[in-house]
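What follows is a short report on a single structure.
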Amino acid sequence: MNMVQPLQNLVRLSLPSKGRLAEDALAFLQACGLSVYKPNPRQYEATIPSLPGLTVLFQRPADIVVSVRDGSVDFGITGIDVIEERRGENGSLMVLHESLGFGACALCLAVPEIWNGVDSVARLRQYVEELGRPLRVATKYPVLTGRFLRNAGIPHVLISAEGTLETAPAIGYADIISDLVSSGQTLRDNRLRPLTDGVIQPSQAALIANRASLQRSPEALQIARQLLEYIEAYLRARDEVAIFANMRGTSPEELATRIFTQPTIAGLQGPTISRVIVRSGDPNWYAVNVIVPRSRLFQAISELRAVGGSGVVVVPVNYIFEEEPPRYTAMLKALAEG
């Protein structure tokens, strides 16, 4: 008799349900080799075929944090801004990878353009003293914003807002706003400008997990390792290329000595050198393979030519796997300590 696995025993990953962050999260996972299969776009559940023990759910970014914190979901991908706003103080939420490389923005204080000279937190504090009353700040991030303003010594009243914040100063129900900024164009369109030192929380997408799930569930621990394996291997490789070239030399060691005189083409640990069997029977031809940063590709090719390289071929690198993902090792250490 087939038994259906109880829903509460499944390992779950929550992703953003809509918007740019949702699109970028799906594209990122696909690039990592973890494509999400969602046959019906209206469904709020999906799978990752390469991780058969995992169920994917879709939620609002802030709800992802709450679900992971409370343990109804094991893993989540969402922004550092909402993680820090809603993670709580009991340590139940762990950040497994803090920099997935997409969703970049920052929670910032922004003031009306007509506030001449108010361009820093110190000048804002002085302005509030002259104002003679607490500053009214519209925000969707009361925890982070309140902490920042208290540390800055600025008397304030936080005004909760669910809609568009940028209009709050113009309408008159707030003096300034604390909101997410990426390009800053929306602020400029509404005659606002960020303070030069008013960044409350830099943000980008991050991978989070529930501590108790990792401690009690071997299945969740295995999924954590697989997620970090793929993510770290992809992130490490995406800015690298593999270069292959033919070189003449008396031995692999002699070629390596030449290569090590150049700053770019030494590879991750050193070049891989193997003999090329040529038609003429000349035993002194070798193939050299090195991994170099994409940003230094032209320099690497020039260096290879300088030491006798020819027939250079460049190919992208999809993954670079470590012996052990550093963040997985860090996670195990944190679990042992906690």
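Ligands are numbered from 1 in the order shown, residues from 1 within each chain, and chains are lettered A, B, ... in the order they appear in the structure tokens.
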
(Q) Among range 18-146 of chain A, which residues does DSSP mark as helix (DSSP H, G or I) when it is run on the backbone? Keep the chain and numbering as in the structure and answer as a count of residues only. (A) 46

(Q) Residues near Thr164 in chain A, anyone? I mean within 12 Å using only C-alpha atoms, not counting same-chain ones fewer than 4 positions away, as a ChimeraX atom specification. (A) /A:138-140,160,168-171,177-180,186-187,190

Q | DSSP strand (DSSP E) residues within range 141-266 of chain A, listed as a PyMOL selection string | A | chain A and resi 156-160+176-181+192-203+205-210+240-248

Create the file for the chosen residues now, containing N, CA, C and O atoms and written as a short mmCIF file (atom, residue, chain, number, x, y, z; two decimals), in the first residue's frame.
data_model
loop_
_atom_site.label_atom_id
_atom_site.label_comp_id
_atom_site.auth_asym_id
_atom_site.auth_seq_id
_atom_site.Cartn_x
_atom_site.Cartn_y
_atom_site.Cartn_z
N HIS A 156 12.17 60.90 17.24
CA HIS A 156 11.39 60.57 16.05
C HIS A 156 10.09 59.87 16.42
O HIS A 156 9.95 59.34 17.52
N VAL A 157 9.19 59.87 15.47
CA VAL A 157 7.95 59.09 15.51
C VAL A 157 7.88 58.32 14.21
O VAL A 157 7.97 58.91 13.12
N LEU A 158 7.74 57.00 14.30
CA LEU A 158 7.65 56.18 13.10
C LEU A 158 6.21 56.08 12.65
O LEU A 158 5.30 55.82 13.46
N ILE A 159 5.99 56.28 11.37
CA ILE A 159 4.65 56.23 10.79
C ILE A 159 4.61 55.03 9.84
O ILE A 159 5.35 54.99 8.84
N SER A 160 3.79 54.06 10.17
CA SER A 160 3.67 52.87 9.33
C SER A 160 2.96 53.22 8.04
O SER A 160 1.98 53.97 8.02
N ILE A 176 10.14 62.83 6.51
CA ILE A 176 11.09 62.12 5.66
C ILE A 176 10.64 60.67 5.53
O ILE A 176 9.68 60.26 6.19
N ILE A 177 11.37 59.92 4.73
CA ILE A 177 11.03 58.50 4.59
C ILE A 177 12.28 57.65 4.83
O ILE A 177 13.41 58.12 4.70
N SER A 178 12.05 56.40 5.17
CA SER A 178 13.08 55.37 5.22
C SER A 178 12.61 54.26 4.31
O SER A 178 11.62 53.58 4.61
N ASP A 179 13.28 54.09 3.17
CA ASP A 179 12.78 53.16 2.18
C ASP A 179 13.94 52.54 1.40
O ASP A 179 15.08 53.00 1.48
N LEU A 180 13.62 51.49 0.65
CA LEU A 180 14.62 50.83 -0.18
C LEU A 180 14.96 51.69 -1.39
O LEU A 180 14.06 52.23 -2.04
N VAL A 181 16.24 51.77 -1.69
CA VAL A 181 16.72 52.55 -2.83
C VAL A 181 17.63 51.67 -3.66
O VAL A 181 18.52 51.00 -3.12
N LEU A 192 13.00 63.94 -3.66
CA LEU A 192 13.65 63.49 -2.44
C LEU A 192 15.10 63.15 -2.76
O LEU A 192 15.45 62.86 -3.90
N ARG A 193 15.95 63.14 -1.73
CA ARG A 193 17.34 62.72 -1.92
C ARG A 193 17.83 61.98 -0.67
O ARG A 193 17.45 62.33 0.45
N PRO A 194 18.64 60.95 -0.86
CA PRO A 194 19.15 60.21 0.30
C PRO A 194 20.24 60.99 1.01
O PRO A 194 20.96 61.78 0.40
N LEU A 195 20.36 60.80 2.32
CA LEU A 195 21.47 61.37 3.07
C LEU A 195 22.75 60.65 2.69
O LEU A 195 22.75 59.43 2.44
N THR A 196 23.85 61.37 2.67
CA THR A 196 25.12 60.78 2.24
C THR A 196 25.55 59.63 3.14
O THR A 196 26.18 58.68 2.68
N ASP A 197 25.22 59.70 4.42
CA ASP A 197 25.56 58.63 5.36
C ASP A 197 24.30 58.03 5.98
O ASP A 197 24.32 57.55 7.10
N GLY A 198 23.23 58.05 5.22
CA GLY A 198 21.95 57.59 5.74
C GLY A 198 21.57 56.18 5.34
O GLY A 198 20.38 55.82 5.35
N VAL A 199 22.56 55.34 4.98
CA VAL A 199 22.27 53.94 4.65
C VAL A 199 22.05 53.17 5.95
O VAL A 199 22.96 53.02 6.75
N ILE A 200 20.85 52.68 6.12
CA ILE A 200 20.49 51.93 7.33
C ILE A 200 20.88 50.46 7.18
O ILE A 200 21.42 49.85 8.12
N GLN A 201 20.63 49.89 6.00
CA GLN A 201 20.91 48.47 5.80
C GLN A 201 21.17 48.19 4.32
O GLN A 201 20.25 48.23 3.52
N PRO A 202 22.42 47.88 3.93
CA PRO A 202 22.65 47.39 2.56
C PRO A 202 21.95 46.04 2.40
O PRO A 202 21.83 45.27 3.36
N SER A 203 21.52 45.75 1.18
CA SER A 203 20.75 44.52 0.99
C SER A 203 21.02 43.89 -0.36
O SER A 203 21.34 44.57 -1.33
N ALA A 205 19.97 39.59 -2.15
CA ALA A 205 19.34 38.31 -1.85
C ALA A 205 20.26 37.43 -1.03
O ALA A 205 21.48 37.44 -1.20
N ALA A 206 19.65 36.65 -0.12
CA ALA A 206 20.40 35.76 0.75
C ALA A 206 19.64 34.45 0.92
O ALA A 206 18.43 34.39 0.73
N LEU A 207 20.38 33.41 1.29
CA LEU A 207 19.78 32.10 1.59
C LEU A 207 19.72 31.93 3.10
O LEU A 207 20.74 32.09 3.79
N ILE A 208 18.54 31.63 3.62
CA ILE A 208 18.35 31.47 5.06
C ILE A 208 17.80 30.08 5.37
O ILE A 208 17.28 29.39 4.49
N ALA A 209 17.92 29.69 6.64
CA ALA A 209 17.43 28.38 7.07
C ALA A 209 16.97 28.45 8.51
O ALA A 209 17.37 29.33 9.27
N ASN A 210 16.11 27.50 8.88
CA ASN A 210 15.67 27.36 10.26
C ASN A 210 16.64 26.48 11.01
O ASN A 210 16.95 25.36 10.60
N GLU A 240 35.07 33.50 -13.91
CA GLU A 240 36.29 32.86 -14.35
C GLU A 240 36.10 32.27 -15.75
O GLU A 240 34.99 31.98 -16.19
N VAL A 241 37.21 32.09 -16.44
CA VAL A 241 37.20 31.38 -17.73
C VAL A 241 38.34 30.36 -17.72
O VAL A 241 39.32 30.50 -16.99
N ALA A 242 38.18 29.33 -18.55
CA ALA A 242 39.24 28.34 -18.72
C ALA A 242 39.95 28.61 -20.03
O ALA A 242 39.32 28.84 -21.07
N ILE A 243 41.27 28.62 -19.97
CA ILE A 243 42.08 28.87 -21.16
C ILE A 243 42.92 27.63 -21.48
O ILE A 243 43.56 27.06 -20.59
N PHE A 244 42.89 27.21 -22.73
CA PHE A 244 43.70 26.10 -23.21
C PHE A 244 44.66 26.63 -24.27
O PHE A 244 44.28 27.44 -25.12
N ALA A 245 45.90 26.20 -24.20
CA ALA A 245 46.89 26.64 -25.18
C ALA A 245 47.91 25.53 -25.41
O ALA A 245 48.16 24.69 -24.53
N ASN A 246 48.50 25.52 -26.58
CA ASN A 246 49.60 24.60 -26.90
C ASN A 246 50.93 25.31 -26.68
O ASN A 246 51.08 26.50 -27.02
N MET A 247 51.90 24.59 -26.12
CA MET A 247 53.22 25.17 -25.87
C MET A 247 54.30 24.13 -26.14
O MET A 247 54.11 22.93 -25.87
N ARG A 248 55.44 24.60 -26.64
CA ARG A 248 56.61 23.73 -26.81
C ARG A 248 57.48 23.85 -25.58
O ARG A 248 57.66 24.94 -25.02
#

Q.
Under the rule that only C-alpha atoms are counted, which of A:Ser302, A:Ser251, A:Gln126, A:Ser14 is the nearest residue to Val66 in chain A?
A. A:Ser14

Q: Would you mind telling me which residue in A:Val65, A:Ala104, A:Leu131, A:Val36 lies nearest to Arg20 in chain A when using only C-alpha atoms?
A: A:Ala104

Q.
Restricting the calculation to only C-alpha atoms: of A:Glu229, A:Ala122, A:Pro155, A:Glu162, which residue gets closest to Glu322 in chain A?
A. A:Glu229

Q. By how many Å are CA of Asn289 in chain A and CA of Ser274 in chain A apart?
A.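 CA of Asn289 in chain A sits 8.8 Å away from CA of Ser274 in chain A.
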
Q: Using only C-alpha atoms, determine which residues lie at most 8 Å from range 211-227 of chain A, disregarding the query and same-chain residues fewer than 4 positions distant; provide the list as a PyMOL selection string.
A: chain A and resi 11+51+53-54+71+74+91-94+231+325+328+335

(Q) Report, in Å with one decimal, the straight-line distance from CA of Ile114 in chain A to CA of Gly163 in chain A. (A)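 Rounded to one decimal, the two atoms are 23.3 Å apart.
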
Q) Closest to Asp189 in chain A among A:Asp239, A:Glu253, A:Leu13, A:Pro112, using only C-alpha atoms? A)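 Nearest to Asp189 in chain A: A:Pro112.
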
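Closest to Glu166 in chain A among A:Leu34, A:Leu124, A:Val73, A:Leu109 is A:Leu109, based on only C-alpha atoms.
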
All residues 10 Å or closer to Glu84 in chain A, only C-alpha atoms, same chain fewer than 2 positions away omitted, as a PDB file with all heavy atoms, in the first residue's frame:
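Everything below was put into out.pdb:
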ATOM      1  N   VAL A  65      10.672  35.258   5.594  1.00  0.00           N
ATOM      2  CA  VAL A  65      11.469  35.356   6.820  1.00  0.00           C
ATOM      3  C   VAL A  65      10.696  34.804   8.008  1.00  0.00           C
ATOM      4  O   VAL A  65      11.229  34.027   8.808  1.00  0.00           O
ATOM      5  CB  VAL A  65      11.881  36.819   7.090  1.00  0.00           C
ATOM      6  CG1 VAL A  65      12.741  36.907   8.343  1.00  0.00           C
ATOM      7  CG2 VAL A  65      12.620  37.390   5.899  1.00  0.00           C
ATOM      8  N   GLY A  79      15.484  39.048   0.670  1.00  0.00           N
ATOM      9  CA  GLY A  79      16.442  40.127   0.832  1.00  0.00           C
ATOM     10  C   GLY A  79      16.949  40.270   2.260  1.00  0.00           C
ATOM     11  O   GLY A  79      16.216  40.027   3.222  1.00  0.00           O
ATOM     12  N   ILE A  80      18.207  40.699   2.381  1.00  0.00           N
ATOM     13  CA  ILE A  80      18.784  40.964   3.696  1.00  0.00           C
ATOM     14  C   ILE A  80      17.962  42.001   4.446  1.00  0.00           C
ATOM     15  O   ILE A  80      17.856  41.952   5.680  1.00  0.00           O
ATOM     16  CB  ILE A  80      20.245  41.444   3.546  1.00  0.00           C
ATOM     17  CG1 ILE A  80      21.142  40.279   3.115  1.00  0.00           C
ATOM     18  CG2 ILE A  80      20.773  42.062   4.833  1.00  0.00           C
ATOM     19  CD1 ILE A  80      21.418  39.264   4.196  1.00  0.00           C
ATOM     20  N   ASP A  81      17.348  42.955   3.743  1.00  0.00           N
ATOM     21  CA  ASP A  81      16.563  44.007   4.400  1.00  0.00           C
ATOM     22  C   ASP A  81      15.430  43.411   5.232  1.00  0.00           C
ATOM     23  O   ASP A  81      15.277  43.744   6.420  1.00  0.00           O
ATOM     24  CB  ASP A  81      16.016  45.007   3.379  1.00  0.00           C
ATOM     25  CG  ASP A  81      15.228  44.340   2.265  1.00  0.00           C
ATOM     26  OD1 ASP A  81      15.807  43.482   1.564  1.00  0.00           O
ATOM     27  OD2 ASP A  81      14.047  44.663   2.075  1.00  0.00           O
ATOM     28  N   VAL A  82      14.630  42.512   4.635  1.00  0.00           N
ATOM     29  CA  VAL A  82      13.522  41.929   5.395  1.00  0.00           C
ATOM     30  C   VAL A  82      14.009  40.882   6.393  1.00  0.00           C
ATOM     31  O   VAL A  82      13.376  40.650   7.417  1.00  0.00           O
ATOM     32  CB  VAL A  82      12.437  41.334   4.463  1.00  0.00           C
ATOM     33  CG1 VAL A  82      11.703  42.435   3.733  1.00  0.00           C
ATOM     34  CG2 VAL A  82      13.033  40.343   3.473  1.00  0.00           C
ATOM     35  N   ARG A  86      12.923  41.246  10.341  1.00  0.00           N
ATOM     36  CA  ARG A  86      11.961  40.303  10.909  1.00  0.00           C
ATOM     37  C   ARG A  86      12.575  39.034  11.495  1.00  0.00           C
ATOM     38  O   ARG A  86      11.848  38.132  11.893  1.00  0.00           O
ATOM     39  CB  ARG A  86      10.938  39.903   9.828  1.00  0.00           C
ATOM     40  CG  ARG A  86      10.058  41.058   9.378  1.00  0.00           C
ATOM     41  CD  ARG A  86       9.152  40.635   8.254  1.00  0.00           C
ATOM     42  NE  ARG A  86       8.227  41.690   7.880  1.00  0.00           N
ATOM     43  CZ  ARG A  86       6.911  41.642   8.068  1.00  0.00           C
ATOM     44  NH1 ARG A  86       6.366  40.578   8.625  1.00  0.00           N
ATOM     45  NH2 ARG A  86       6.132  42.645   7.707  1.00  0.00           N
ATOM     46  N   ARG A  87      13.881  38.943  11.591  1.00  0.00           N
ATOM     47  CA  ARG A  87      14.500  37.692  12.019  1.00  0.00           C
ATOM     48  C   ARG A  87      14.272  37.379  13.487  1.00  0.00           C
ATOM     49  O   ARG A  87      14.346  36.221  13.898  1.00  0.00           O
ATOM     50  CB  ARG A  87      15.996  37.699  11.725  1.00  0.00           C
ATOM     51  CG  ARG A  87      16.811  38.660  12.561  1.00  0.00           C
ATOM     52  CD  ARG A  87      18.281  38.669  12.119  1.00  0.00           C
ATOM     53  NE  ARG A  87      18.865  37.334  12.206  1.00  0.00           N
ATOM     54  CZ  ARG A  87      20.008  36.981  11.621  1.00  0.00           C
ATOM     55  NH1 ARG A  87      20.675  37.867  10.901  1.00  0.00           N
ATOM     56  NH2 ARG A  87      20.484  35.767  11.771  1.00  0.00           N
ATOM     57  N   GLY A  88      13.991  38.378  14.308  1.00  0.00           N
ATOM     58  CA  GLY A  88      13.780  38.142  15.735  1.00  0.00           C
ATOM     59  C   GLY A  88      15.091  38.006  16.486  1.00  0.00           C
ATOM     60  O   GLY A  88      16.178  38.093  15.916  1.00  0.00           O
ATOM     61  N   TYR A 141       9.911  49.629   7.595  1.00  0.00           N
ATOM     62  CA  TYR A 141      10.963  48.945   8.341  1.00  0.00           C
ATOM     63  C   TYR A 141      11.137  49.599   9.715  1.00  0.00           C
ATOM     64  O   TYR A 141      12.172  50.231   9.981  1.00  0.00           O
ATOM     65  CB  TYR A 141      12.278  48.995   7.562  1.00  0.00           C
ATOM     66  CG  TYR A 141      12.239  48.241   6.257  1.00  0.00           C
ATOM     67  CD1 TYR A 141      11.721  48.830   5.105  1.00  0.00           C
ATOM     68  CD2 TYR A 141      12.702  46.935   6.171  1.00  0.00           C
ATOM     69  CE1 TYR A 141      11.679  48.139   3.906  1.00  0.00           C
ATOM     70  CE2 TYR A 141      12.669  46.235   4.976  1.00  0.00           C
ATOM     71  CZ  TYR A 141      12.145  46.842   3.841  1.00  0.00           C
ATOM     72  OH  TYR A 141      12.109  46.153   2.657  1.00  0.00           O
ATOM     73  N   VAL A 143      11.730  48.375  12.744  1.00  0.00           N
ATOM     74  CA  VAL A 143      12.788  47.854  13.617  1.00  0.00           C
ATOM     75  C   VAL A 143      14.141  48.451  13.231  1.00  0.00           C
ATOM     76  O   VAL A 143      14.846  49.042  14.059  1.00  0.00           O
ATOM     77  CB  VAL A 143      12.841  46.313  13.566  1.00  0.00           C
ATOM     78  CG1 VAL A 143      14.047  45.792  14.349  1.00  0.00           C
ATOM     79  CG2 VAL A 143      11.551  45.715  14.121  1.00  0.00           C
ATOM     80  N   LEU A 144      14.510  48.318  11.961  1.00  0.00           N
ATOM     81  CA  LEU A 144      15.802  48.825  11.512  1.00  0.00           C
ATOM     82  C   LEU A 144      15.869  50.342  11.575  1.00  0.00           C
ATOM     83  O   LEU A 144      16.876  50.916  12.008  1.00  0.00           O
ATOM     84  CB  LEU A 144      16.078  48.348  10.082  1.00  0.00           C
ATOM     85  CG  LEU A 144      16.316  46.852   9.893  1.00  0.00           C
ATOM     86  CD1 LEU A 144      16.424  46.511   8.410  1.00  0.00           C
ATOM     87  CD2 LEU A 144      17.564  46.397  10.624  1.00  0.00           C
ATOM     88  N   GLN A 201      20.632  49.889   6.001  1.00  0.00           N
ATOM     89  CA  GLN A 201      20.913  48.471   5.801  1.00  0.00           C
ATOM     90  C   GLN A 201      21.172  48.189   4.322  1.00  0.00           C
ATOM     91  O   GLN A 201      20.248  48.232   3.517  1.00  0.00           O
ATOM     92  CB  GLN A 201      19.739  47.615   6.273  1.00  0.00           C
ATOM     93  CG  GLN A 201      19.893  46.123   6.058  1.00  0.00           C
ATOM     94  CD  GLN A 201      21.029  45.541   6.873  1.00  0.00           C
ATOM     95  OE1 GLN A 201      20.997  45.609   8.104  1.00  0.00           O
ATOM     96  NE2 GLN A 201      22.014  44.959   6.217  1.00  0.00           N
ATOM     97  N   SER A 203      21.519  45.753   1.178  1.00  0.00           N
ATOM     98  CA  SER A 203      20.749  44.522   0.995  1.00  0.00           C
ATOM     99  C   SER A 203      21.020  43.890  -0.357  1.00  0.00           C
ATOM    100  O   SER A 203      21.336  44.567  -1.331  1.00  0.00           O
ATOM    101  CB  SER A 203      19.250  44.802   1.143  1.00  0.00           C
ATOM    102  OG  SER A 203      18.496  43.610   1.038  1.00  0.00           O
TER     103      SER A 203
END

**Q.** range 254-266 of chain A environment, 10 Å, only C-alpha atoms, sequence neighbours closer than 2 positions dropped, as an MDAnalysis selection string
**A.** chainID A and resid 243 247:252 268:273 286 288:293 296:297 299:304 306:309

(Q) Using only C-alpha atoms for the distances, tell me which of A:Phe102, A:Asp63, A:Pro41, A:Arg294 is nearest to Val314 in chain A. (A)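 The closest residue to Val314 in chain A is A:Arg294.
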